[in-house]
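Student: If it helps, the file is called final-v9.cif and holds mmCIF, C-alpha atoms:
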data_input
#
loop_
_atom_site.label_atom_id
_atom_site.label_comp_id
_atom_site.auth_asym_id
_atom_site.auth_seq_id
_atom_site.Cartn_x
_atom_site.Cartn_y
_atom_site.Cartn_z
CA MET A 9 -58.81 0.78 30.42
CA LYS A 10 -56.73 -0.21 33.42
CA ALA A 11 -53.15 -1.44 33.26
CA TRP A 12 -50.76 -2.63 35.95
CA ILE A 13 -46.96 -2.37 35.77
CA GLU A 14 -44.47 -3.63 38.30
CA ASP A 15 -42.10 -0.68 38.71
CA LYS A 16 -42.91 2.87 39.80
CA ALA A 17 -39.94 4.08 37.74
CA GLY A 18 -41.70 2.76 34.66
CA LEU A 19 -44.47 5.33 34.89
CA ALA A 20 -42.22 8.09 33.57
CA LEU A 21 -40.82 5.86 30.83
CA LEU A 22 -44.05 4.80 29.11
CA GLY A 23 -44.37 7.92 26.96
CA ASP A 24 -47.65 9.62 26.13
CA LEU A 25 -50.69 7.41 26.58
CA PRO A 26 -54.18 8.01 25.18
CA GLY A 27 -56.94 9.34 27.38
CA GLY A 28 -58.86 6.76 29.33
CA VAL A 29 -55.78 4.65 30.09
CA THR A 30 -55.09 4.29 33.82
CA VAL A 31 -51.73 2.82 34.84
CA GLU A 32 -51.18 1.56 38.38
CA VAL A 33 -48.11 0.06 40.04
CA CYS A 34 -48.43 -3.50 41.32
CA THR A 35 -45.17 -4.74 42.81
CA SER A 36 -46.38 -8.10 44.10
CA ALA A 37 -49.39 -10.37 44.42
CA SER A 38 -49.65 -9.44 48.11
CA GLN A 39 -49.83 -5.67 47.55
CA LEU A 40 -52.55 -4.90 45.01
CA PRO A 41 -53.26 -1.26 44.14
CA SER A 42 -56.93 -1.94 43.31
CA ASP A 43 -59.35 -4.67 42.27
CA PRO A 44 -57.63 -6.94 39.71
CA ALA A 45 -60.95 -7.92 38.11
CA ASP A 46 -60.91 -5.03 35.60
CA VAL A 47 -57.21 -5.08 34.70
CA GLU A 48 -56.87 -5.50 30.93
CA PHE A 49 -53.10 -5.10 30.54
CA TRP A 50 -50.61 -6.50 33.06
CA THR A 51 -46.82 -6.33 33.26
CA PRO A 52 -45.83 -8.66 36.12
CA PRO A 53 -42.52 -8.37 38.01
CA PHE A 54 -39.37 -9.06 35.98
CA LEU A 55 -38.48 -12.76 36.32
CA GLY A 56 -41.52 -13.09 38.59
CA THR A 57 -42.70 -16.68 38.26
CA GLY A 58 -44.01 -17.58 41.70
CA ARG A 59 -47.27 -19.46 42.19
CA GLU A 60 -48.89 -16.40 43.75
CA LEU A 61 -48.24 -14.35 40.63
CA ILE A 62 -49.49 -16.99 38.22
CA ALA A 63 -52.54 -17.56 40.42
CA MET A 64 -53.39 -13.89 39.89
CA LEU A 65 -54.60 -14.81 36.42
CA ASP A 66 -57.68 -16.42 37.99
CA ARG A 67 -58.60 -13.04 39.46
CA MET A 68 -58.26 -11.16 36.17
CA PRO A 69 -61.25 -12.04 33.97
CA ALA A 70 -60.83 -8.83 31.91
CA LEU A 71 -57.13 -9.42 31.14
CA ARG A 72 -56.28 -9.31 27.45
CA VAL A 73 -52.50 -8.63 27.36
CA LEU A 74 -49.84 -10.13 29.64
CA GLN A 75 -46.64 -8.26 28.77
CA LEU A 76 -43.51 -9.82 30.23
CA LEU A 77 -40.25 -7.95 30.83
CA SER A 78 -38.19 -11.08 30.17
CA ALA A 79 -37.08 -12.52 26.85
CA GLY A 80 -38.25 -15.97 27.94
CA ALA A 81 -41.89 -16.82 28.56
CA ASP A 82 -41.51 -20.44 29.68
CA ALA A 83 -42.80 -19.84 33.23
CA TRP A 84 -46.13 -18.54 31.89
CA VAL A 85 -46.72 -20.75 28.86
CA GLY A 86 -49.59 -23.10 29.55
CA SER A 87 -51.01 -20.97 32.35
CA VAL A 88 -52.40 -18.05 30.36
CA PRO A 89 -56.17 -18.30 29.64
CA ASP A 90 -57.56 -18.32 26.13
CA GLY A 91 -58.14 -14.84 24.81
CA VAL A 92 -55.08 -13.38 26.56
CA HIS A 93 -52.05 -12.41 24.47
CA LEU A 94 -48.82 -13.50 26.17
CA CYS A 95 -46.05 -11.17 24.96
CA ASP A 96 -42.33 -11.41 25.66
CA ALA A 97 -39.74 -8.62 25.74
CA ARG A 98 -38.08 -9.44 22.43
CA GLY A 99 -35.42 -6.82 21.71
CA VAL A 100 -35.13 -5.49 25.27
CA HIS A 101 -32.29 -7.81 26.30
CA ASP A 102 -30.40 -8.08 23.00
CA ALA A 103 -27.52 -5.77 23.93
CA PRO A 104 -26.82 -6.84 27.53
CA THR A 105 -27.22 -10.56 26.93
CA SER A 106 -25.03 -10.51 23.83
CA GLU A 107 -22.47 -8.49 25.80
CA TRP A 108 -22.53 -11.17 28.51
CA VAL A 109 -21.92 -13.87 25.90
CA LEU A 110 -18.91 -12.02 24.49
CA ALA A 111 -17.57 -11.29 27.96
CA ALA A 112 -18.01 -14.91 29.05
CA ILE A 113 -16.29 -16.28 25.96
CA LEU A 114 -13.38 -13.85 26.20
CA GLY A 115 -13.10 -14.18 29.97
CA TYR A 116 -12.98 -17.97 29.75
CA LEU A 117 -10.58 -18.17 26.82
CA ARG A 118 -8.23 -15.54 28.25
CA HIS A 119 -8.30 -17.15 31.73
CA PHE A 120 -9.59 -14.05 33.52
CA PRO A 121 -11.04 -16.04 36.47
CA SER A 122 -7.66 -17.59 37.29
CA PHE A 123 -5.88 -14.26 36.88
CA ALA A 124 -8.42 -12.62 39.22
CA LEU A 125 -7.78 -15.32 41.84
CA ALA A 126 -4.03 -14.84 41.45
CA GLN A 127 -4.50 -11.09 41.91
CA ALA A 128 -6.40 -11.73 45.15
CA ARG A 129 -3.48 -13.87 46.34
CA GLY A 130 -0.96 -11.24 45.27
CA GLU A 131 0.68 -13.61 42.79
CA TRP A 132 2.15 -12.73 39.39
CA THR A 133 1.22 -15.92 37.52
CA ARG A 134 1.93 -15.18 33.88
CA HIS A 135 1.00 -17.89 31.37
CA ARG A 136 -0.25 -18.32 27.83
CA THR A 137 -4.02 -18.32 27.23
CA ASP A 138 -6.32 -19.26 24.39
CA GLU A 139 -7.78 -16.71 21.92
CA LEU A 140 -11.10 -16.05 20.19
CA ALA A 141 -9.70 -15.18 16.75
CA GLY A 142 -10.09 -18.04 14.30
CA LYS A 143 -12.66 -19.94 16.36
CA ARG A 144 -15.71 -21.65 14.85
CA VAL A 145 -18.81 -20.54 16.76
CA LEU A 146 -22.14 -22.38 16.59
CA ILE A 147 -25.12 -20.37 17.88
CA VAL A 148 -28.11 -22.55 18.77
CA GLY A 149 -31.11 -20.24 18.52
CA ALA A 150 -31.89 -17.64 15.88
CA GLY A 151 -33.95 -14.93 17.55
CA SER A 152 -33.08 -11.29 18.09
CA ILE A 153 -30.48 -12.00 20.81
CA SER A 154 -28.82 -14.51 18.49
CA ASP A 155 -28.67 -11.78 15.83
CA ALA A 156 -27.02 -9.43 18.32
CA ILE A 157 -24.49 -12.08 19.37
CA GLY A 158 -23.60 -12.77 15.74
CA ARG A 159 -23.03 -9.09 14.98
CA ARG A 160 -20.74 -8.70 17.98
CA LEU A 161 -18.77 -11.86 17.21
CA LEU A 162 -17.93 -11.16 13.59
CA PRO A 163 -15.29 -8.43 14.27
CA PHE A 164 -13.33 -11.03 16.27
CA GLU A 165 -12.41 -12.92 13.09
CA VAL A 166 -14.56 -15.96 13.81
CA ASP A 167 -16.71 -18.21 11.69
CA VAL A 168 -20.36 -18.10 12.86
CA THR A 169 -22.94 -20.81 12.12
CA ARG A 170 -26.54 -20.55 13.34
CA VAL A 171 -29.18 -23.18 14.09
CA ALA A 172 -32.94 -22.84 14.63
CA ARG A 173 -36.07 -25.00 14.70
CA ARG A 174 -36.39 -24.74 10.95
CA ALA A 175 -33.84 -24.08 8.23
CA ARG A 176 -33.90 -20.78 6.36
CA PRO A 177 -31.32 -18.78 4.41
CA GLY A 178 -28.21 -18.56 6.56
CA VAL A 179 -29.66 -20.76 9.33
CA HIS A 180 -29.47 -24.54 9.71
CA ALA A 181 -32.22 -26.74 11.15
CA VAL A 182 -31.80 -28.24 14.61
CA GLU A 183 -31.78 -31.72 13.02
CA GLU A 184 -28.36 -30.85 11.59
CA LEU A 185 -26.74 -30.47 15.03
CA PRO A 186 -25.07 -33.93 15.01
CA ALA A 187 -23.12 -32.92 11.91
CA LEU A 188 -22.40 -29.37 13.07
CA LEU A 189 -21.30 -29.94 16.67
CA PRO A 190 -18.01 -31.74 15.87
CA GLU A 191 -16.92 -28.68 13.86
CA ALA A 192 -17.64 -26.11 16.60
CA ASP A 193 -15.02 -24.69 18.94
CA ILE A 194 -17.68 -22.72 20.82
CA VAL A 195 -21.38 -23.56 21.16
CA VAL A 196 -23.67 -20.75 22.34
CA LEU A 197 -27.17 -21.61 23.60
CA ILE A 198 -29.78 -18.88 23.24
CA VAL A 199 -33.04 -20.81 22.79
CA PRO A 200 -36.30 -20.43 24.73
CA LEU A 201 -37.18 -23.19 27.16
CA THR A 202 -39.83 -25.39 25.57
CA PRO A 203 -40.58 -29.12 25.68
CA ALA A 204 -38.41 -29.47 22.58
CA THR A 205 -35.41 -27.66 24.08
CA THR A 206 -35.59 -29.08 27.61
CA GLY A 207 -32.60 -31.39 27.96
CA LEU A 208 -31.45 -30.57 24.43
CA VAL A 209 -27.84 -30.57 25.63
CA ASP A 210 -27.44 -34.09 26.95
CA ALA A 211 -24.50 -36.47 27.19
CA ALA A 212 -24.67 -37.26 23.46
CA PHE A 213 -24.72 -33.55 22.55
CA LEU A 214 -21.68 -32.86 24.74
CA ALA A 215 -19.84 -35.93 23.45
CA ALA A 216 -20.31 -34.66 19.88
CA MET A 217 -18.45 -31.44 20.72
CA PRO A 218 -14.72 -31.66 20.05
CA ALA A 219 -12.29 -31.94 22.94
CA GLY A 220 -11.42 -28.52 24.30
CA ALA A 221 -14.64 -26.91 23.05
CA LEU A 222 -16.57 -24.35 25.09
CA LEU A 223 -20.30 -24.49 25.86
CA VAL A 224 -21.94 -21.13 26.64
CA ASN A 225 -25.44 -21.18 28.13
CA ALA A 226 -27.27 -17.83 28.03
CA ALA A 227 -30.66 -19.52 27.57
CA ARG A 228 -32.29 -21.37 30.48
CA GLY A 229 -30.78 -23.89 32.88
CA PRO A 230 -32.98 -26.87 31.96
CA VAL A 231 -31.85 -26.66 28.32
CA VAL A 232 -28.74 -28.46 29.62
CA ASP A 233 -28.69 -31.77 31.48
CA THR A 234 -26.82 -30.70 34.61
CA GLY A 235 -25.52 -34.16 35.41
CA ALA A 236 -24.15 -34.63 31.90
CA LEU A 237 -22.53 -31.19 31.96
CA THR A 238 -20.92 -31.81 35.34
CA ALA A 239 -19.49 -35.11 34.14
CA ALA A 240 -18.11 -33.52 30.97
CA LEU A 241 -16.47 -30.71 32.98
CA VAL A 242 -14.94 -33.08 35.53
CA SER A 243 -13.55 -35.24 32.72
CA GLY A 244 -11.79 -32.20 31.28
CA ARG A 245 -13.15 -32.80 27.76
CA ILE A 246 -14.87 -29.44 27.47
CA GLY A 247 -15.31 -26.15 29.30
CA ALA A 248 -18.43 -24.11 29.97
CA ALA A 249 -19.53 -20.58 30.73
CA VAL A 250 -23.08 -20.37 32.10
CA ASP A 251 -25.37 -17.61 33.34
CA VAL A 252 -28.20 -20.04 34.10
CA THR A 253 -28.35 -23.36 35.94
CA ASP A 254 -30.71 -26.18 36.77
CA PRO A 255 -31.59 -25.90 39.62
CA GLU A 256 -31.59 -22.12 39.96
CA PRO A 257 -30.48 -20.54 42.20
CA LEU A 258 -27.70 -23.09 42.53
CA PRO A 259 -27.89 -24.44 46.10
CA PRO A 260 -24.89 -24.56 48.44
CA GLY A 261 -22.79 -27.66 47.99
CA HIS A 262 -24.00 -28.36 44.45
CA PRO A 263 -21.31 -30.11 42.34
CA LEU A 264 -21.28 -27.28 39.79
CA TRP A 265 -19.80 -24.89 42.37
CA SER A 266 -16.58 -26.88 42.42
CA ALA A 267 -16.60 -28.19 38.83
CA PRO A 268 -13.40 -27.44 36.93
CA ASN A 269 -13.34 -25.61 33.59
CA LEU A 270 -16.46 -23.61 34.47
CA LEU A 271 -17.17 -19.87 34.50
CA LEU A 272 -20.44 -19.27 36.37
CA THR A 273 -22.48 -16.09 36.85
CA PRO A 274 -25.84 -15.87 38.72
CA HIS A 275 -28.30 -15.08 35.90
CA VAL A 276 -27.13 -11.50 35.40
CA GLY A 277 -27.03 -11.37 31.59
CA GLY A 278 -29.85 -8.85 31.36
CA ALA A 279 -29.34 -7.13 34.72
CA VAL A 280 -28.07 -3.72 33.59
CA PRO A 281 -29.19 -0.11 34.22
CA GLY A 282 -30.57 0.41 30.71
CA MET A 283 -32.93 -2.53 30.96
CA THR A 284 -35.73 -0.57 32.67
CA ALA A 285 -35.86 2.18 30.06
CA ARG A 286 -35.82 -0.29 27.17
CA ALA A 287 -38.45 -2.47 28.80
CA TYR A 288 -40.90 0.33 29.51
CA ARG A 289 -40.51 1.82 26.05
CA LEU A 290 -41.82 -1.52 24.82
CA VAL A 291 -44.60 -1.56 27.44
CA GLY A 292 -45.65 1.95 26.39
CA GLU A 293 -45.73 0.94 22.72
CA GLN A 294 -47.82 -2.11 23.55
CA LEU A 295 -50.24 -0.07 25.65
CA ARG A 296 -50.75 2.38 22.80
CA ARG A 297 -51.31 -0.44 20.35
CA TYR A 298 -53.83 -2.15 22.58
CA ALA A 299 -55.70 1.06 23.42
CA ALA A 300 -55.95 1.87 19.71
CA GLY A 301 -57.29 -1.57 18.86
CA GLN A 302 -54.13 -2.51 16.97
CA PRO A 303 -52.42 -5.92 17.22
CA VAL A 304 -49.76 -6.14 19.91
CA VAL A 305 -46.30 -7.45 18.99
CA ASN A 306 -43.99 -10.11 20.45
CA VAL A 307 -46.90 -12.53 20.93
CA VAL A 308 -45.62 -15.91 22.14
CA VAL A 309 -46.75 -18.84 19.99
CA ASP A 310 -45.84 -22.44 20.89
CA GLY A 311 -43.38 -21.18 23.48
CA TYR A 312 -41.51 -18.94 21.02
#
Output the structure of this file as structure tokens.

Tutor:
Amino acid sequence: MKAWIEDKAGLALLGDLPGGVTVEVCTSASQLPSDPADVEFWTPPFLGTGRELIAMLDRMPALRVLQLLSAGADAWVGSVPDGVHLCDARGVHDAPTSEWVLAAILGYLRHFPSFALAQARGEWTRHRTDELAGKRVLIVGAGSISDAIGRRLLPFEVDVTRVARRARPGVHAVEELPALLPEADIVVLIVPLTPATTGLVDAAFLAAMPAGALLVNAARGPVVDTGALTAALVSGRIGAAVDVTDPEPLPPGHPLWSAPNLLLTPHVGGAVPGMTARAYRLVGEQLRRYAAGQPVVNVVVDGY
């Protein structure tokens, strides 16, 4: 059985593999290590979503498992042939992404961006900031990263409410958002990008948030209507901290660059040193499952 992974460093991180499993490194669609026709297990480049990569699927008739290194699978949903399991990297990005959410919330509330700019100017600009303690936090999304965010938030003396597609114990249904948004000081987005979540945060969503609230987007850029967000920021009604944008990368001169009340980072939530080891532990586990004829995990169904 032949498998392709995208990082040479991953070879040493897969763990012991059964006999008969050959693992090759394929870093791009333009540099193939061998014939793709007999590849059964493929881990494409992290965040690799170009047309050339997706077109590779047509050259892989033996493919049975497409194991992504990203938590989101939106770029591949709808392109994967029948009979191929599309698997995401659930669990790999829980720690770094939840850390980014906490850092973004605290950095925004405690005015770290303005203090950093004052430092660069050599100015001692002391002023009062906001605080996280006592805030009401609404997390939209209830997957493993949402769990990690909730665990990290609770020690900060906040009230956490969670929302998902369907209600379950401790989680509200997305249909309840109109009633929940007016009570939220902070709204964290951590949903996959699907037809149902595209444009979820529109002008009406933002208008339902109370004045002074903070929107945190750690999901995907198109979950938020960029025009509506820009207007809300310019009006001063709300603030935002985002790691993703629509479009992405954000082009020079885009209105978001100069929007007030915005903390912006360039999709770095999961970009940490430990990501590779965590990701390839998962890849190794999946390879062993597949080689043994066992069901693989993290299979994406209906975009989730």

Student: Could you please determine the separation between CA of Gly158 in chain A and CA of Leu272 in chain A in Å, to one decimal place?

Tutor: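 Separation of CA of Gly158 in chain A and CA of Leu272 in chain A: 21.9 Å.
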
Student: Might you pull out every residue within 10 Å of Ser42 in chain A, with all atoms listed in the file counted and same-chain residues fewer than 5 positions away left off, and present them as an NGL selection string?

Tutor: :A and (12 or 32-34 or 47)

Student: Tell me which protein, DNA and RNA residues are within 12 Å of range 106-110 of chain A, counting only C-alpha atoms, leaving out same-chain ones fewer than 2 positions away, and put them as a ChimeraX atom specification.

Tutor: /A:99-104,112-118,140,145,147,151-164,194-198,222-227,248-252,271-280

Student: Keeping C-alpha atoms for every residue in the selection just given, could you write it to a file as a tab-separated table (two decimals), in the coordinates of the input?

Tutor:
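And here is the file that came out, result_8.tsv:
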chain	number	residue	atom	x	y	z
A	99	GLY	CA	-35.42	-6.82	21.71
A	100	VAL	CA	-35.13	-5.49	25.27
A	101	HIS	CA	-32.29	-7.81	26.30
A	102	ASP	CA	-30.40	-8.08	23.00
A	103	ALA	CA	-27.52	-5.77	23.93
A	104	PRO	CA	-26.82	-6.84	27.53
A	112	ALA	CA	-18.01	-14.91	29.05
A	113	ILE	CA	-16.29	-16.28	25.96
A	114	LEU	CA	-13.38	-13.85	26.20
A	115	GLY	CA	-13.10	-14.18	29.97
A	116	TYR	CA	-12.98	-17.97	29.75
A	117	LEU	CA	-10.58	-18.17	26.82
A	118	ARG	CA	-8.23	-15.54	28.25
A	140	LEU	CA	-11.10	-16.05	20.19
A	145	VAL	CA	-18.81	-20.54	16.76
A	147	ILE	CA	-25.12	-20.37	17.88
A	151	GLY	CA	-33.95	-14.93	17.55
A	152	SER	CA	-33.08	-11.29	18.09
A	153	ILE	CA	-30.48	-12.00	20.81
A	154	SER	CA	-28.82	-14.51	18.49
A	155	ASP	CA	-28.67	-11.78	15.83
A	156	ALA	CA	-27.02	-9.43	18.32
A	157	ILE	CA	-24.49	-12.08	19.37
A	158	GLY	CA	-23.60	-12.77	15.74
A	159	ARG	CA	-23.03	-9.09	14.98
A	160	ARG	CA	-20.74	-8.70	17.98
A	161	LEU	CA	-18.77	-11.86	17.21
A	162	LEU	CA	-17.93	-11.16	13.59
A	163	PRO	CA	-15.29	-8.43	14.27
A	164	PHE	CA	-13.33	-11.03	16.27
A	194	ILE	CA	-17.68	-22.72	20.82
A	195	VAL	CA	-21.38	-23.56	21.16
A	196	VAL	CA	-23.67	-20.75	22.34
A	197	LEU	CA	-27.17	-21.61	23.60
A	198	ILE	CA	-29.78	-18.88	23.24
A	222	LEU	CA	-16.57	-24.35	25.09
A	223	LEU	CA	-20.30	-24.49	25.86
A	224	VAL	CA	-21.94	-21.13	26.64
A	225	ASN	CA	-25.44	-21.18	28.13
A	226	ALA	CA	-27.27	-17.83	28.03
A	227	ALA	CA	-30.66	-19.52	27.57
A	248	ALA	CA	-18.43	-24.11	29.97
A	249	ALA	CA	-19.53	-20.58	30.73
A	250	VAL	CA	-23.08	-20.37	32.10
A	251	ASP	CA	-25.37	-17.61	33.34
A	252	VAL	CA	-28.20	-20.04	34.10
A	271	LEU	CA	-17.17	-19.87	34.50
A	272	LEU	CA	-20.44	-19.27	36.37
A	273	THR	CA	-22.48	-16.09	36.85
A	274	PRO	CA	-25.84	-15.87	38.72
A	275	HIS	CA	-28.30	-15.08	35.90
A	276	VAL	CA	-27.13	-11.50	35.40
A	277	GLY	CA	-27.03	-11.37	31.59
A	278	GLY	CA	-29.85	-8.85	31.36
A	279	ALA	CA	-29.34	-7.13	34.72
A	280	VAL	CA	-28.07	-3.72	33.59

Student: For Ala181 in chain A, which residue among A:Met68, A:Val308, A:Ala150, A:Val168 is the nearest when counting only C-alpha atoms?

Tutor: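 Between A:Met68, A:Val308, A:Ala150, A:Val168, the residue approaching Ala181 in chain A most closely is A:Ala150.
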
Student: List the neighbours of Pro200 in chain A out to 8 Å using all atoms listed in the file; skip same-chain residues closer than 3 positions along the sequence, and give me the result as number ranges by chain.

Tutor: A: 80-82, 205, 227-228, 311-312

Student: Rank nothing, just name the residue among A:Val232, A:Val85, A:Leu22, A:Ala219 nearest to Arg286 in chain A, using all atoms listed in the file.

Tutor: A:Leu22

Student: What does the structure give for the distance between CA of Arg136 in chain A and CA of Pro190 in chain A, in Å to one decimal?

Tutor: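 These two atoms are separated by 25.3 Å.
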
Student: Can you translate the PyMOL selection byres ((chain A and resi 217) around 9) into the concrete residues it hits in this file, as a list in words?

Tutor: Leu188, Leu189, Pro190, Glu191, Ala192, Asp193, Ile194, Val195, Ala212, Phe213, Leu214, Ala215, Ala216, Pro218, Ala219, Gly220, Ala221, Leu222, Leu223, Arg245 and Ile246 of chain A

Student: What separation in Å, quoted to one decimal, exists between CA of Thr238 in chain A and CA of Glu183 in chain A?

Tutor: 24.8 Å
